[in-house]
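Undergrad: After the structure tokens below, expect a handful of questions from me.
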2 protein chains.
Amino acid sequence: MKQFNKVTIIGVGLIGGSIGLAIKKRNLAREVVGVFRHESTLKRALKCNAVDKATMFIESGVNGADLIIVTSPVRSIPNIIKTAAKHAKKGAIITDAGSTKAWIVSSVEKSLAKSRKIHFVGSHPMAGSEHAGVEFARADLFEKAPCIVTSTTATDKASLKRVIKFWGSLGGKVKVMSPASHDKSVSLISHLPHIVAFGLAGSVPLRELQYAAEGFKDTTRVASSDPELWADIFLTNKREILKAGRLFENYYKDMLKAISKGDRKKTVNFLKKAKSKRDALVYGKESR
Amino acid sequence: MKQFNKVTIIGVGLIGGSIGLAIKKRNLAREVVGVFRHESTLKRALKCNAVDKATMFIESGVNGADLIIVTSPVRSIPNIIKTAAKHAKKGAIITDAGSTKAWIVSSVEKSLAKSRKIHFVGSHPMAGSEHAGVEFARADLFEKAPCIVTSTTATDKASLKRVIKFWGSLGGKVKVMSPASHDKSVSLISHLPHIVAFGLAGSVPLRELQYAAEGFKDTTRVASSDPELWADIFLTNKREILKAGRLFENYYKDMLKAISKGDRKKTVNFLKKAKSKRDALVYGKESR
């Protein structure tokens with residue numbers, strides 16, 4: 001039996017398109033509908049088969065859907081969900097793919113508070129790339145990707161279970177946490193790397209970049225991400241990002257201080273500690 | 001005609017091994033000899049054919065060599081060159097592959113000042129990876145890699161030409177500059193990314209890393225580099241690194257200030273400027 005009869009994806013770019021491809025590849029729904037803001041994206045999405053049907057209207061798009069996934073930029077999510085909820089059928093589940101959760105979840109729970117007929121569960125599949133656009137969509141984008149699903153006192157537990165199962169079916173490594181815990185974690189492992197990469201690419205004079213090698217390119221890869229999108233992510237997770245930012249700044253400054261003092265032992269220790277954590281992440285052990 | 005009769009590589013790891021493989025593949029020398037400090041590395045280098053002959057002694061290794069390339073860690077380079085020069089034949093060219101140049105070049109020029117028979121030219125092929133060791137050596141490592149060769153008032157121009165030709169034959173994009181200009185450039189495009197990556201990997205608590213995705217991994221890739229090696233690179237290019245570090249810190253702090261004030265326009269501008277430079281580097285244009 002399929003998990004859903006009709007799934008509607010609102011805002012079909014890299015993430016939404018990859019969800020569409022993945023649902024269809026794994027046969028999880030009878031029908032995948034995409035809702036678009038621009039006709040050009042709609043055409044591209046149909047061309048790469050990311051959705052079965054496409055519309056420019058939320059109202060008709062969500063009509064009769066069991067699962068509605070909002071994959072538009074962070075800032076637009078609460079309003080889109082408010083509109084979608086008005087036209088969704090009773091018992092429909094709405095989820096999102098936004099990179100911050102506390103702001104989105106609290107906004108949505110406030111706007112849906114009066115209605116018991118719609119169930120919202122926050123999601124953040126941690127996959128993607130510096131490229132935006134449905135033409136970069138891949139059915140395997142979520143395979144082995146960490147995928148965080150949020151739970152609050154207002155979360156309907158049956159809907160939570162179905163959303164967990166859904167991301168799991170797409171290959172994600174699902175983890176349930178509160179919106180606040182999510183925001184703290186991602187401020188450190190996703191938002192901070194973006195801040196640092198943007199800072200690095202922004203601060204080095206353009207004329208020097210002609211000699212830049214792979215190290216510079218990799219360290220700044222995520223600085224090629226969309227500025228509007230990421231500004232909103234940073235601004236909707238401001239408090240945690242500022243905390244994470246201070247953590248980095250302290251380490252960075254202490255490391256430079258050791259260098260400026262010519263303290264080789266301390267410098268080596270700062271680098272060793274960093275390497276051991278990075279190796280633990282990538283090679284599964286704390287040092288080589 | 002081959003460029004050299006005998007080339008000796010001292011300290012054969014990733015860089016030295018790749019030079020050996022590249023020379024042999026392109027048939028640039030009649031013989032490639034490796035000088036090793038550890039027998040285990042010697043055996044691994046012979047196994048992967050990085051050199052034709054191997055020895056543990058600098059004296060016999062450099063005997064009769066036309067070109068001597070010192071690819072040992074930065075800190076060891078001046079002393080190794082001093083020893084090598086004593087046993088090298090008249091007219092031999094010595095170069096290195098160290099990541100800082102002013103400290104190395106001035107130390108070497110001082111120690112070779114009395115002898116006119118040996119010609120030193122500083123080099124920095126900007127290739128490599130976070131992996132160390134001759135088993136990662138690749139004949140194509142220098143293809144399209146920026147390769148900086150230094151020139152000073154003490155540099156023998158005929159030897160400079162031969163060293164430029166040599167790196168060009170290995171596929172490198174050669175650029176000649178002064179040791180000071182080199183150190184300034186690489187402080188920005190190579191050393192600073194390492195500092196920032198070490199800072200990021202070092203500051204994020206290990207327990208958070210279980211959810212880290214590709215963005216974190218790429219941004220911190222170079223933090224898996226060798227701590228002892230990089231501490232010495234930082235310490236021998238201290239002044240320029242501290243300057244580059246301040247440049248980054250200012251951009252980073254201003255960006256966080258814009259975020260903390262909730263100033264969307266300013267935040268977007270910081271990110272846009274960063275993206276446009278990174279895109280210019282990677283996609284050859286200033287924005288997508």
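The chains in the structure tokens are called A, B, ... from first to last as shown; in each chain the residues are counted from 1, and the ligands are counted from 1 in the order shown.
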Could you list, as JSON, numbers by chain, every residue within 9 Å of Leu229 in chain B, counting only C-alpha atoms and ignoring same-chain residues fewer than 4 positions away?

TA: {"A": [268], "B": [73, 74, 75, 225, 233, 234]}

Undergrad: Could you write those residues out with N, CA and C atoms, as an mmCIF file, in the first residue's frame?

TA:
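Saved result, part.cif, follows:
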```
data_model
loop_
_atom_site.group_PDB
_atom_site.id
_atom_site.type_symbol
_atom_site.label_atom_id
_atom_site.label_comp_id
_atom_site.auth_asym_id
_atom_site.auth_seq_id
_atom_site.Cartn_x
_atom_site.Cartn_y
_atom_site.Cartn_z
ATOM 1 N N VAL A 268 50.127 23.829 17.676
ATOM 2 C CA VAL A 268 49.920 22.432 17.278
ATOM 3 C C VAL A 268 48.704 21.850 17.987
ATOM 4 N N PRO B 73 58.927 18.779 5.216
ATOM 5 C CA PRO B 73 58.140 19.833 5.874
ATOM 6 C C PRO B 73 58.904 21.170 5.950
ATOM 7 N N VAL B 74 58.149 22.259 5.854
ATOM 8 C CA VAL B 74 58.707 23.619 5.813
ATOM 9 C C VAL B 74 59.887 23.836 6.755
ATOM 10 N N ARG B 75 59.689 23.479 8.019
ATOM 11 C CA ARG B 75 60.688 23.801 9.034
ATOM 12 C C ARG B 75 62.055 23.171 8.773
ATOM 13 N N SER B 225 44.314 18.226 7.648
ATOM 14 C CA SER B 225 45.733 18.279 7.283
ATOM 15 C C SER B 225 46.624 18.075 8.510
ATOM 16 N N ILE B 233 54.022 26.087 9.019
ATOM 17 C CA ILE B 233 53.681 27.017 7.932
ATOM 18 C C ILE B 233 53.155 28.326 8.531
ATOM 19 N N PHE B 234 52.240 28.201 9.492
ATOM 20 C CA PHE B 234 51.688 29.414 10.118
ATOM 21 C C PHE B 234 52.786 30.219 10.815
#
```

Undergrad: Please return as an MDAnalysis selection string: the residues of range 118-210 of chain A that backbone DSSP assigns to alpha helix (DSSP H).

TA: chainID A and resid 157:169 179:186 192:203

Undergrad: Using only C-alpha atoms, find the one residue out of A:Ala137, A:Leu170, A:Val62, A:Ile259 that sits nearest to chain B.

TA: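 That would be A:Ile259, the residue with the smallest distance to chain B.
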
Undergrad: Measuring between only C-alpha atoms, which one of A:Ala132, A:Leu188, A:Val204, A:Leu42 shows the shortest distance to Ala244 in chain A?

TA: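 For Ala244 in chain A, the nearest of the candidates is A:Leu188.
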
Undergrad: Just checking: using only C-alpha atoms, which residue out of A:Phe120, A:Ser181, A:Met126, A:Ser187 ends up closest to chain B?

TA: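 Counting only C-alpha atoms, the residue closest to chain B is A:Met126.
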
Undergrad: Find the spatial neighbours of Phe136 in chain B, counting only C-alpha atoms, within a cut-off of 10 Å - ignore same-chain residues fewer than 6 positions away - and output them as an MDAnalysis selection string.

TA: chainID B and resid 13:15 17:18 48 128:129

Undergrad: Neighbouring residues of Ala197 in chain B were defined as those with any atom within 6 Å, considering only C-alpha atoms; residues of the same chain fewer than 3 positions away were excluded. Please report them as a list in words.

TA: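 Once the adjacent positions are removed, what remains is Pro193, His194, Leu200, Thr220 and Ala223 of chain B.
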
Undergrad: Could you pull out the strand (DSSP E or B) residues of range 65-184 of chain A, going by DSSP on the backbone, and write them as a list of chain:residue names?

TA: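 Selection result, strand (DSSP E or B) within range 65-184 of chain A: A:Leu67, A:Ile68, A:Ile69, A:Val70, A:Ile93, A:Ile94, A:Thr95, A:Asp96, A:His119, A:Phe120, A:Val121, A:Ser123, A:His124, A:Pro125, A:Pro146, A:Cys147, A:Ile148, A:Val149, A:Thr150, A:Lys173, A:Val174, A:Lys175, A:Val176, A:Met177.
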
Undergrad: Neighbours of Arg239 in chain A within 12 Å (only C-alpha atoms; same-chain residues fewer than 6 positions away dropped), as a PyMOL selection string?

TA: (chain A and resi 100+102-103+180+183-184+187-188+191+233+245-246) or (chain B and resi 256-257+259-262)

Undergrad: Tell me, in Å to one decimal, how far CA of Lys161 in chain A is from CA of Leu67 in chain A.

TA: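 Atom-to-atom, CA of Lys161 in chain A to CA of Leu67 in chain A, that is 12.9 Å.
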
Undergrad: What's the 10 Å shell around Ser111 in chain A, counting only C-alpha atoms, without same-chain residues fewer than 4 positions away, as a list of chain:residue names?

TA: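 Once the adjacent positions are removed, what remains is A:Pro78, A:Asn79, A:Ile81, A:Lys82, A:Ala85, A:Val105, A:Ser106, A:Ser107, A:Ser115.
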
Undergrad: Could those selected residues go to a file with C-alpha atoms, as a short mmCIF file (atom, residue, chain, number, x, y, z; two decimals), in the first residue's frame?

TA:
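Output contents, as saved in part_11.cif:
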```cif
data_model
loop_
_atom_site.label_atom_id
_atom_site.label_comp_id
_atom_site.auth_asym_id
_atom_site.auth_seq_id
_atom_site.Cartn_x
_atom_site.Cartn_y
_atom_site.Cartn_z
CA PRO A 78 4.62 30.33 7.62
CA ASN A 79 2.41 32.35 5.25
CA ILE A 81 1.32 27.08 5.26
CA LYS A 82 -1.44 29.42 6.50
CA ALA A 85 -4.15 24.99 5.59
CA VAL A 105 7.12 26.02 14.02
CA SER A 106 5.96 28.66 16.50
CA SER A 107 4.56 30.89 13.72
CA SER A 115 -8.03 24.65 13.58
#
```
